[in-house]
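A.B. asks: Contents of upload.cif (mmCIF, C-alpha atoms and all ligand atoms):
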```cif
data_structure
#
loop_
_atom_site.label_atom_id
_atom_site.label_comp_id
_atom_site.auth_asym_id
_atom_site.auth_seq_id
_atom_site.Cartn_x
_atom_site.Cartn_y
_atom_site.Cartn_z
CA MET A 1160 142.92 84.75 157.60
CA PHE A 1161 146.47 86.02 157.91
CA ALA A 1162 147.70 84.67 161.19
CA GLU A 1163 150.50 82.44 159.97
CA PRO A 1164 153.28 83.13 162.44
CA ASP A 1165 156.24 83.15 160.08
CA GLY A 1166 155.86 86.11 157.81
CA LEU A 1167 152.46 87.53 158.64
CA PRO A 1168 151.36 89.62 161.54
CA GLY A 1169 149.02 87.92 163.97
CA THR A 1170 148.79 85.17 166.49
CA ALA A 1171 151.32 82.56 167.49
CA ARG A 1172 151.17 79.03 166.05
CA HIS A 1173 148.61 77.11 168.03
CA ASP A 1174 146.49 74.09 167.28
CA GLY A 1175 143.60 74.28 169.67
CA GLY A 1176 141.85 71.40 167.98
CA MET A 1177 138.20 71.15 167.06
CA ARG A 1178 135.11 68.98 167.27
CA ARG A 1179 134.16 67.48 163.93
CA LEU A 1180 130.49 66.99 163.16
CA LEU A 1181 130.87 65.83 159.55
CA PRO A 1182 131.89 63.60 157.84
CA ASP A 1183 133.15 61.31 160.64
CA PRO A 1184 132.12 62.81 163.99
CA ALA A 1185 135.06 63.17 166.39
CA GLU A 1186 135.00 64.84 169.82
CA SER A 1187 138.53 66.13 169.42
CA ILE A 1188 140.70 66.26 166.35
CA SER A 1189 143.72 68.37 165.56
CA VAL A 1190 143.82 70.91 162.77
CA GLU A 1191 146.38 68.68 161.08
CA GLU A 1192 143.93 65.77 161.02
CA ALA A 1193 140.98 67.90 159.97
CA TYR A 1194 142.98 69.39 157.10
CA ALA A 1195 145.09 66.37 156.26
CA ALA A 1196 145.05 66.83 152.50
CA PRO A 1197 143.40 68.76 149.69
CA LEU A 1198 139.92 67.47 148.88
CA GLY A 1199 141.05 66.36 145.43
CA ARG A 1200 143.50 66.70 142.57
CA HIS A 1201 143.34 67.24 138.82
CA GLY A 1202 145.46 65.41 136.30
CA ASP A 1203 145.63 68.29 133.84
CA ARG A 1204 145.79 71.44 135.97
CA PRO A 1205 146.53 72.48 139.55
CA TRP A 1206 143.79 72.01 142.15
CA VAL A 1207 142.65 75.38 143.51
CA SER A 1208 141.65 75.70 147.14
CA LEU A 1209 140.42 78.94 148.72
CA CYS A 1210 141.01 79.84 152.37
CA MET A 1211 138.97 82.69 153.92
CA ILE A 1212 137.29 83.82 157.11
CA ALA A 1213 134.05 85.82 157.34
CA SER A 1214 131.86 87.16 160.12
CA ILE A 1215 128.36 85.81 160.75
CA ASP A 1216 127.00 88.79 158.84
CA GLY A 1217 129.26 88.00 155.91
CA SER A 1218 132.07 90.53 156.10
CA THR A 1219 135.67 89.55 155.41
CA VAL A 1220 137.14 92.54 157.21
CA VAL A 1221 137.00 94.58 160.38
CA ASP A 1222 138.52 98.04 159.97
CA GLY A 1223 139.90 97.00 156.60
CA ARG A 1224 141.72 93.87 157.76
CA SER A 1225 140.89 90.28 158.59
CA GLY A 1226 142.92 89.89 161.80
CA ASP A 1227 140.16 90.75 164.28
CA LEU A 1228 137.95 88.04 162.79
CA SER A 1229 140.56 85.35 163.30
CA SER A 1230 141.81 83.24 166.22
CA ALA A 1231 144.76 81.03 167.06
CA THR A 1232 142.99 77.93 165.76
CA ASP A 1233 141.92 79.71 162.59
CA GLY A 1234 145.54 80.78 162.16
CA ALA A 1235 146.57 77.15 162.53
CA VAL A 1236 144.09 76.25 159.77
CA LEU A 1237 145.70 78.80 157.46
CA ALA A 1238 149.17 77.49 158.26
CA ARG A 1239 148.06 73.89 157.74
CA LEU A 1240 146.44 74.64 154.40
CA ARG A 1241 149.59 76.43 153.32
CA ALA A 1242 151.62 73.40 154.33
CA ILE A 1243 149.63 71.13 152.01
CA ALA A 1244 149.73 73.61 149.10
CA ASP A 1245 152.51 74.04 146.57
CA VAL A 1246 151.94 77.74 145.97
CA ILE A 1247 149.89 80.63 147.32
CA VAL A 1248 148.04 83.12 145.14
CA VAL A 1249 146.68 86.39 146.51
CA GLY A 1250 145.21 89.64 145.23
CA ALA A 1251 147.28 92.82 145.22
CA GLY A 1252 144.68 94.57 147.38
CA THR A 1253 145.25 92.10 150.18
CA VAL A 1254 149.03 92.43 149.94
CA ARG A 1255 148.75 96.22 150.05
CA GLN A 1256 146.39 96.09 153.01
CA GLU A 1257 147.82 93.25 155.08
CA GLY A 1258 151.54 93.58 154.42
CA TYR A 1259 152.39 90.05 153.33
CA GLY A 1260 155.71 88.48 154.33
CA ARG A 1261 157.22 85.23 153.18
CA PRO A 1262 155.42 81.98 154.03
CA GLY A 1263 156.60 79.73 156.84
CA LYS A 1264 157.14 76.74 154.52
CA ASP A 1265 160.65 76.77 153.08
CA GLY A 1266 160.74 77.46 149.39
CA GLN A 1267 157.03 78.20 149.06
CA ARG A 1268 156.19 80.97 146.59
CA ILE A 1269 153.41 83.57 146.69
CA GLY A 1270 151.97 84.88 143.44
CA VAL A 1271 150.41 88.34 143.60
CA VAL A 1272 147.70 89.01 141.02
CA THR A 1273 147.74 92.60 139.76
CA SER A 1274 147.01 94.63 136.66
CA THR A 1275 148.74 97.79 137.91
CA GLY A 1276 151.86 96.26 139.47
CA ARG A 1277 151.22 98.53 142.44
CA VAL A 1278 152.91 96.36 145.08
CA ASP A 1279 155.99 97.06 147.18
CA LEU A 1280 158.78 95.10 145.56
CA ASP A 1281 161.10 96.15 148.40
CA SER A 1282 158.96 94.33 150.95
CA GLU A 1283 160.15 91.10 152.51
CA LEU A 1284 157.72 89.15 150.36
CA PHE A 1285 159.79 90.02 147.28
CA THR A 1286 163.28 90.57 148.70
CA SER A 1287 163.08 87.03 150.17
CA GLY A 1288 162.48 85.64 146.68
CA ALA A 1289 159.11 84.17 147.69
CA GLY A 1290 156.98 86.69 145.86
CA PHE A 1291 156.24 86.75 142.14
CA LEU A 1292 153.72 88.64 140.06
CA ILE A 1293 150.81 87.47 137.90
CA VAL A 1294 149.89 90.18 135.40
CA PRO A 1295 148.00 90.52 132.10
CA GLU A 1296 150.01 89.73 128.95
CA ASP A 1297 149.54 93.25 127.60
CA SER A 1298 150.47 95.00 130.84
CA SER A 1299 153.04 97.75 130.31
CA PHE A 1300 154.21 97.33 133.89
CA GLU A 1301 157.99 96.88 134.19
CA PRO A 1302 159.11 95.85 137.68
CA ALA A 1303 161.74 98.13 139.27
CA ARG A 1304 163.70 95.12 140.49
CA PRO A 1305 164.09 91.58 139.15
CA VAL A 1306 161.02 89.53 139.96
CA ASP A 1307 159.46 86.47 138.37
CA VAL A 1308 156.35 87.30 136.37
CA ILE A 1309 153.62 85.11 134.92
CA ARG A 1310 151.57 86.75 132.18
CA ALA A 1311 148.08 85.51 131.34
CA GLY A 1312 145.03 87.18 129.82
CA ARG A 1313 144.48 90.54 128.15
CA SER A 1314 143.73 93.70 130.18
CA ARG A 1315 142.88 91.50 133.17
CA VAL A 1316 144.58 88.34 134.38
CA ASP A 1317 142.78 85.26 133.07
CA PRO A 1318 142.83 83.11 136.23
CA ALA A 1319 142.30 79.79 134.44
CA LEU A 1320 145.23 80.45 132.11
CA ALA A 1321 147.42 81.81 134.91
CA ILE A 1322 146.82 78.67 136.98
CA ARG A 1323 147.73 76.44 134.05
CA ARG A 1324 150.94 78.45 133.61
CA LEU A 1325 152.07 78.15 137.25
CA PRO A 1326 153.96 74.88 136.62
CA ASP A 1327 156.01 76.67 133.90
CA LEU A 1328 157.51 78.83 136.64
CA LEU A 1329 157.34 76.52 139.63
CA GLY A 1330 157.81 73.04 138.21
CA THR A 1331 155.65 70.76 140.33
CA CYS A 1332 152.46 72.58 141.21
CA ALA A 1333 149.56 70.31 142.03
CA VAL A 1334 147.80 72.43 144.68
CA VAL A 1335 147.22 76.19 144.70
CA GLN A 1336 146.06 77.94 147.85
CA ALA A 1337 144.11 81.10 147.02
CA GLU A 1338 143.93 83.56 149.92
CA GLY A 1339 141.61 86.27 148.63
CA GLY A 1340 140.62 88.92 148.89
CA ALA A 1341 137.12 89.31 147.60
CA GLY A 1342 138.15 90.98 144.34
CA LEU A 1343 140.48 88.16 143.34
CA ASN A 1344 137.89 85.63 144.51
CA GLY A 1345 135.38 87.25 142.16
CA ALA A 1346 137.72 86.64 139.22
CA LEU A 1347 138.31 83.06 140.37
CA VAL A 1348 134.60 82.21 140.58
CA ASP A 1349 133.97 83.91 137.23
CA ALA A 1350 136.54 81.53 135.78
CA ASP A 1351 135.04 78.64 137.78
CA VAL A 1352 138.46 77.44 138.90
CA LEU A 1353 137.75 77.14 142.63
CA ASP A 1354 137.67 73.44 143.45
CA GLU A 1355 137.57 73.70 147.23
CA LEU A 1356 136.53 76.37 149.72
CA ASN A 1357 137.87 76.38 153.28
CA VAL A 1358 135.74 78.95 155.04
CA THR A 1359 135.85 79.82 158.72
CA THR A 1360 132.86 81.62 160.19
CA SER A 1361 133.98 83.99 162.93
CA PRO A 1362 131.44 84.16 165.78
CA ALA A 1363 130.67 87.88 165.45
CA THR A 1364 128.65 90.38 163.51
CA VAL A 1365 130.66 93.38 162.41
CA GLY A 1366 128.34 95.59 160.38
CA GLY A 1367 129.99 98.07 158.04
CA ASP A 1368 130.25 97.62 154.31
CA GLY A 1369 133.17 95.20 154.17
CA ARG A 1370 133.25 92.88 151.20
CA ARG A 1371 131.82 89.39 151.46
CA LEU A 1372 133.75 86.38 150.16
CA THR A 1373 133.46 87.39 146.51
CA PHE A 1374 133.23 90.80 144.90
CA GLY A 1375 132.58 91.73 141.30
CA ALA A 1376 131.68 88.30 139.96
CA ALA A 1377 128.89 87.89 137.43
CA ASP A 1378 125.65 86.30 138.64
CA HIS A 1379 126.05 82.55 138.73
CA LEU A 1380 125.04 79.45 140.64
CA HIS A 1381 127.98 77.21 141.46
CA ARG A 1382 127.01 74.41 143.79
CA PHE A 1383 129.29 72.90 146.40
CA ASP A 1384 129.05 69.84 148.62
CA LEU A 1385 129.86 70.07 152.30
CA ALA A 1386 132.98 67.97 152.82
CA GLN A 1387 133.63 68.83 156.46
CA LEU A 1388 131.98 70.72 159.32
CA ALA A 1389 133.76 71.39 162.62
CA VAL A 1390 133.51 73.76 165.59
CA ASP A 1391 135.85 74.80 168.36
CA ASP A 1392 135.43 75.91 171.97
CA GLU A 1393 135.36 79.56 170.93
CA SER A 1394 132.30 79.09 168.67
CA PHE A 1395 134.29 79.35 165.42
CA LEU A 1396 132.79 77.24 162.64
CA TYR A 1397 135.08 75.52 160.14
CA THR A 1398 133.72 74.37 156.80
CA ARG A 1399 135.26 72.65 153.81
CA TRP A 1400 133.29 72.76 150.55
CA LEU A 1401 133.93 70.75 147.39
CA ARG A 1402 132.85 72.13 144.02
CA ARG A 1403 130.19 69.91 142.50
CA ARG A 1404 131.28 69.29 138.89
N1 LIG B 1501 138.71 87.50 155.67
C1 LIG B 1501 139.64 86.95 154.91
O1 LIG B 1501 139.86 85.73 154.94
C2 LIG B 1501 140.42 87.82 153.97
C3 LIG B 1501 141.28 87.24 153.04
C4 LIG B 1501 141.97 88.06 152.18
C5 LIG B 1501 141.82 89.42 152.24
N2 LIG B 1501 140.99 89.96 153.15
C6 LIG B 1501 140.79 91.40 153.19
O2 LIG B 1501 140.25 91.77 151.95
C7 LIG B 1501 140.71 93.08 151.61
C8 LIG B 1501 141.27 93.03 150.22
O3 LIG B 1501 140.29 92.52 149.35
P1 LIG B 1501 140.00 93.28 148.00
O4 LIG B 1501 138.83 92.64 147.39
O5 LIG B 1501 139.97 94.75 148.25
O6 LIG B 1501 141.34 93.04 147.18
P2 LIG B 1501 142.03 91.73 146.59
O7 LIG B 1501 141.03 90.80 146.03
O8 LIG B 1501 143.02 91.21 147.55
O9 LIG B 1501 142.85 92.41 145.44
C9 LIG B 1501 142.18 93.08 144.40
C10 LIG B 1501 143.25 93.48 143.42
O10 LIG B 1501 143.84 92.30 142.90
C11 LIG B 1501 144.12 92.53 141.53
N3 LIG B 1501 143.28 91.64 140.75
C12 LIG B 1501 142.26 90.86 141.18
N4 LIG B 1501 141.76 90.16 140.14
C13 LIG B 1501 142.49 90.50 139.06
C14 LIG B 1501 142.49 90.12 137.70
N5 LIG B 1501 141.63 89.20 137.22
N6 LIG B 1501 143.39 90.69 136.87
C15 LIG B 1501 144.26 91.60 137.32
N7 LIG B 1501 144.33 92.02 138.60
C16 LIG B 1501 143.45 91.46 139.45
C17 LIG B 1501 143.87 93.98 141.25
O11 LIG B 1501 145.08 94.62 141.62
P3 LIG B 1501 145.58 96.02 141.02
O12 LIG B 1501 144.68 97.04 141.63
O13 LIG B 1501 146.98 96.14 141.47
O14 LIG B 1501 145.44 95.92 139.53
C18 LIG B 1501 142.76 94.27 142.26
O15 LIG B 1501 142.65 95.64 142.55
C19 LIG B 1501 141.74 93.47 152.62
O16 LIG B 1501 141.14 94.39 153.49
C20 LIG B 1501 142.06 92.18 153.35
O17 LIG B 1501 142.33 92.44 154.69
C21 LIG B 1501 140.27 89.20 154.01
#
```
Spit out the file's structure as structure tokens when you get a sec.
Ligand SMILES: NC(=O)c1ccc[n+]([C@@H]2O[C@H](COP(=O)([O-])OP(=O)(O)OC[C@H]3O[C@@H](n4cnc5c(N)ncnc54)[C@H](OP(=O)(O)O)[C@@H]3O)[C@@H](O)[C@H]2O)c1
C.D. replies:
Amino acid sequence: MFAEPDGLPGTARHDGGMRRLLPDPAESISVEEAYAAPLGRHGDRPWVSLCMIASIDGSTVVDGRSGDLSSATDGAVLARLRAIADVIVVGAGTVRQEGYGRPGKDGQRIGVVTSTGRVDLDSELFTSGAGFLIVPEDSSFEPARPVDVIRAGRSRVDPALAIRRLPDLLGTCAVVQAEGGAGLNGALVDADVLDELNVTTSPATVGGDGRRLTFGAADHLHRFDLAQLAVDDESFLYTRWLRRR
């Protein structure tokens, strides 16, 4: 899901609209209406919302990237969810693979989770000032250029701690948009910090051995309630899931 027009390669901004089946059926609603707000908020820590797309057979990539799974409307969903988030968090693997730019929303920051620091600090993401790093406290990594860094956890980033520390860097930070990939998602579900999942099903099978939505997480059973179900004219399926606590 990387089709936001300003800063990421992909499709142009377009809100093709969708038909909502749940909760309040509507023949035609805009992406803005369907994704009007986060599904909730916490008083004591930022709300964490995940945005991903997967094929019918569960893969999050085609040829190592997500673009071929996506569509203009799916891109509009990503842009809309970014617009209602205070900050974006993404795994270093995705940044290396997709070539992240700065977000379209003025002043929005993107935190890149990494233990190696192996990200291109000369890329637009960082030269624009949008990018910052989230690394383990004991990481020996020293950035080659000035960049904001949040440190949390030992040997690996502790996602729960990192999320609680985001306001120290950003000030107001009520809503975090996590954008994958599967490896980071695995750490997020291990920490049980995902409050909301926004998952688009792309109407295709793709085969291969691409990762599904999470990778590397311990066995668990986290239940979610379906908060919204919508479809569009291209057979894309849009779901919003709320963590049952
Ligand atoms: N379909 C979609 O919606 C979607 C969304 C996002 C990405 N993708 C695709 O997914 C692929 C990337 O996914 P991926 O699973 O390979 O990578 P990823 O989750 O984006 O990144 C994994 C990397 O993030 C860092 N990381 C994750 N958890 C960490 C933790 N707890 N502590 C420290 N570092 C941590 C590590 O970076 P270091 O190696 O630097 O230590 C790790 O190698 C790409 O092909 C991308 O196109 C698809």
A.B. asks: Check which residues fall inside 8 Å of ligand LIG 1501 (chain B) when counting only C-alpha atoms and all ligand atoms, and print them as a short mmCIF file (atom, residue, chain, number, x, y, z; two decimals) with C-alpha atoms, in the frame of the given file.
C.D. replies:
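Output file pocket.cif is given in full below:
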```
data_model
loop_
_atom_site.label_atom_id
_atom_site.label_comp_id
_atom_site.auth_asym_id
_atom_site.auth_seq_id
_atom_site.Cartn_x
_atom_site.Cartn_y
_atom_site.Cartn_z
CA MET A 1160 142.92 84.75 157.60
CA PHE A 1161 146.47 86.02 157.91
CA CYS A 1210 141.01 79.84 152.37
CA MET A 1211 138.97 82.69 153.92
CA ILE A 1212 137.29 83.82 157.11
CA ALA A 1213 134.05 85.82 157.34
CA SER A 1218 132.07 90.53 156.10
CA THR A 1219 135.67 89.55 155.41
CA VAL A 1220 137.14 92.54 157.21
CA ASP A 1222 138.52 98.04 159.97
CA GLY A 1223 139.90 97.00 156.60
CA ARG A 1224 141.72 93.87 157.76
CA SER A 1225 140.89 90.28 158.59
CA GLY A 1226 142.92 89.89 161.80
CA LEU A 1228 137.95 88.04 162.79
CA VAL A 1249 146.68 86.39 146.51
CA GLY A 1250 145.21 89.64 145.23
CA ALA A 1251 147.28 92.82 145.22
CA GLY A 1252 144.68 94.57 147.38
CA THR A 1253 145.25 92.10 150.18
CA VAL A 1254 149.03 92.43 149.94
CA ARG A 1255 148.75 96.22 150.05
CA GLN A 1256 146.39 96.09 153.01
CA GLU A 1257 147.82 93.25 155.08
CA VAL A 1271 150.41 88.34 143.60
CA VAL A 1272 147.70 89.01 141.02
CA THR A 1273 147.74 92.60 139.76
CA SER A 1274 147.01 94.63 136.66
CA THR A 1275 148.74 97.79 137.91
CA GLY A 1276 151.86 96.26 139.47
CA ARG A 1277 151.22 98.53 142.44
CA VAL A 1278 152.91 96.36 145.08
CA ILE A 1293 150.81 87.47 137.90
CA VAL A 1294 149.89 90.18 135.40
CA PRO A 1295 148.00 90.52 132.10
CA SER A 1314 143.73 93.70 130.18
CA ARG A 1315 142.88 91.50 133.17
CA VAL A 1316 144.58 88.34 134.38
CA ASP A 1317 142.78 85.26 133.07
CA PRO A 1318 142.83 83.11 136.23
CA GLU A 1338 143.93 83.56 149.92
CA GLY A 1339 141.61 86.27 148.63
CA GLY A 1340 140.62 88.92 148.89
CA ALA A 1341 137.12 89.31 147.60
CA GLY A 1342 138.15 90.98 144.34
CA LEU A 1343 140.48 88.16 143.34
CA ASN A 1344 137.89 85.63 144.51
CA GLY A 1345 135.38 87.25 142.16
CA ALA A 1346 137.72 86.64 139.22
CA LEU A 1347 138.31 83.06 140.37
CA VAL A 1358 135.74 78.95 155.04
CA ARG A 1370 133.25 92.88 151.20
CA LEU A 1372 133.75 86.38 150.16
CA THR A 1373 133.46 87.39 146.51
CA PHE A 1374 133.23 90.80 144.90
#
```
A.B. asks: Please, which residues are within 9 Å of (134.2, 68.1, 163.0) by the file's coordinates, counting only C-alpha atoms, and could they come as a PyMOL selection string?
C.D. replies: chain A and resi 1177-1188+1193+1387-1391+1397-1398
A.B. asks: Name the closest residue to Ala1196 of chain A among the candidates A:Asp1378, A:Glu1296, A:Glu1393, A:Glu1355; distances are taken between atoms, counting only C-alpha atoms.
C.D. replies: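 The shortest atom-to-atom distance to Ala1196 of chain A comes from A:Glu1355.
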A.B. asks: Kindly give the distance, in Å, that separates atom CA of Leu1284 of chain A and atom CA of Arg1268 of chain A, rounded to a single decimal.
C.D. replies: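 Computing it gives 9.1 Å between the two atoms.
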A.B. asks: Using only C-alpha atoms, pick whichever of A:Phe1285, A:Arg1403, A:Asp1245, A:Arg1310 has the shortest atom-to-atom distance to Trp1206 of chain A.
C.D. replies: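 Of A:Phe1285, A:Arg1403, A:Asp1245, A:Arg1310, the one nearest Trp1206 of chain A is A:Asp1245, counting only C-alpha atoms.
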A.B. asks: Model the absent atoms of segment 1260-1271 of chain A so that all heavy atoms are present, and write the result as a short mmCIF file (atom, residue, chain, number, x, y, z; two decimals), keeping the file's coordinate frame.
C.D. replies:
```cif
data_model
loop_
_atom_site.label_atom_id
_atom_site.label_comp_id
_atom_site.auth_asym_id
_atom_site.auth_seq_id
_atom_site.Cartn_x
_atom_site.Cartn_y
_atom_site.Cartn_z
N GLY A 1260 154.30 88.88 154.26
CA GLY A 1260 155.71 88.48 154.33
C GLY A 1260 155.89 87.18 153.58
O GLY A 1260 155.04 86.76 152.80
N ARG A 1261 157.02 86.51 153.85
CA ARG A 1261 157.22 85.23 153.18
C ARG A 1261 156.50 84.13 153.97
O ARG A 1261 156.33 84.25 155.18
CB ARG A 1261 158.70 84.93 153.04
CG ARG A 1261 159.35 84.60 154.34
CD ARG A 1261 160.79 84.23 154.16
NE ARG A 1261 161.55 84.77 155.27
CZ ARG A 1261 162.85 84.87 155.29
NH1 ARG A 1261 163.55 84.51 154.27
NH2 ARG A 1261 163.44 85.34 156.34
N PRO A 1262 156.12 83.05 153.32
CA PRO A 1262 155.42 81.98 154.03
C PRO A 1262 156.36 81.20 154.93
O PRO A 1262 157.58 81.23 154.75
CB PRO A 1262 154.88 81.10 152.91
CG PRO A 1262 155.69 81.42 151.72
CD PRO A 1262 156.27 82.79 151.89
N GLY A 1263 155.79 80.50 155.91
CA GLY A 1263 156.60 79.73 156.84
C GLY A 1263 157.23 78.49 156.23
O GLY A 1263 158.23 77.99 156.72
N LYS A 1264 156.64 77.98 155.14
CA LYS A 1264 157.14 76.74 154.52
C LYS A 1264 158.31 77.09 153.59
O LYS A 1264 158.16 77.88 152.66
CB LYS A 1264 156.00 76.10 153.74
CG LYS A 1264 156.33 74.81 153.03
CD LYS A 1264 155.02 74.24 152.45
CE LYS A 1264 155.25 73.22 151.38
NZ LYS A 1264 153.98 72.75 150.80
N ASP A 1265 159.44 76.49 153.86
CA ASP A 1265 160.65 76.77 153.08
C ASP A 1265 160.40 76.58 151.60
O ASP A 1265 159.87 75.56 151.17
CB ASP A 1265 161.79 75.83 153.51
CG ASP A 1265 162.52 76.39 154.71
OD1 ASP A 1265 162.25 77.55 155.07
OD2 ASP A 1265 163.34 75.65 155.28
N GLY A 1266 160.80 77.57 150.84
CA GLY A 1266 160.74 77.46 149.39
C GLY A 1266 159.38 77.75 148.78
O GLY A 1266 159.24 77.80 147.56
N GLN A 1267 158.36 77.94 149.62
CA GLN A 1267 157.03 78.20 149.06
C GLN A 1267 156.99 79.59 148.42
O GLN A 1267 157.59 80.53 148.94
CB GLN A 1267 155.95 78.09 150.15
CG GLN A 1267 154.55 78.01 149.57
CD GLN A 1267 153.54 77.54 150.62
OE1 GLN A 1267 153.54 78.03 151.74
NE2 GLN A 1267 152.70 76.59 150.27
N ARG A 1268 156.29 79.70 147.31
CA ARG A 1268 156.19 80.97 146.59
C ARG A 1268 154.79 81.55 146.75
O ARG A 1268 153.82 80.81 146.96
CB ARG A 1268 156.49 80.77 145.09
CG ARG A 1268 157.79 80.04 144.76
CD ARG A 1268 159.03 80.88 144.95
NE ARG A 1268 159.05 82.16 144.29
CZ ARG A 1268 159.51 82.40 143.03
NH1 ARG A 1268 159.98 81.39 142.31
NH2 ARG A 1268 159.51 83.62 142.52
N ILE A 1269 154.70 82.87 146.62
CA ILE A 1269 153.41 83.57 146.69
C ILE A 1269 153.26 84.42 145.45
O ILE A 1269 154.05 85.34 145.22
CB ILE A 1269 153.32 84.45 147.96
CG1 ILE A 1269 153.44 83.60 149.23
CG2 ILE A 1269 152.01 85.25 147.96
CD1 ILE A 1269 153.26 84.38 150.53
N GLY A 1270 152.25 84.11 144.65
CA GLY A 1270 151.97 84.88 143.44
C GLY A 1270 150.96 85.97 143.73
O GLY A 1270 149.89 85.70 144.27
N VAL A 1271 151.29 87.20 143.36
CA VAL A 1271 150.41 88.34 143.60
C VAL A 1271 149.77 88.75 142.28
O VAL A 1271 150.47 89.11 141.32
CB VAL A 1271 151.19 89.52 144.20
CG1 VAL A 1271 150.24 90.69 144.48
CG2 VAL A 1271 151.91 89.09 145.48
#
```
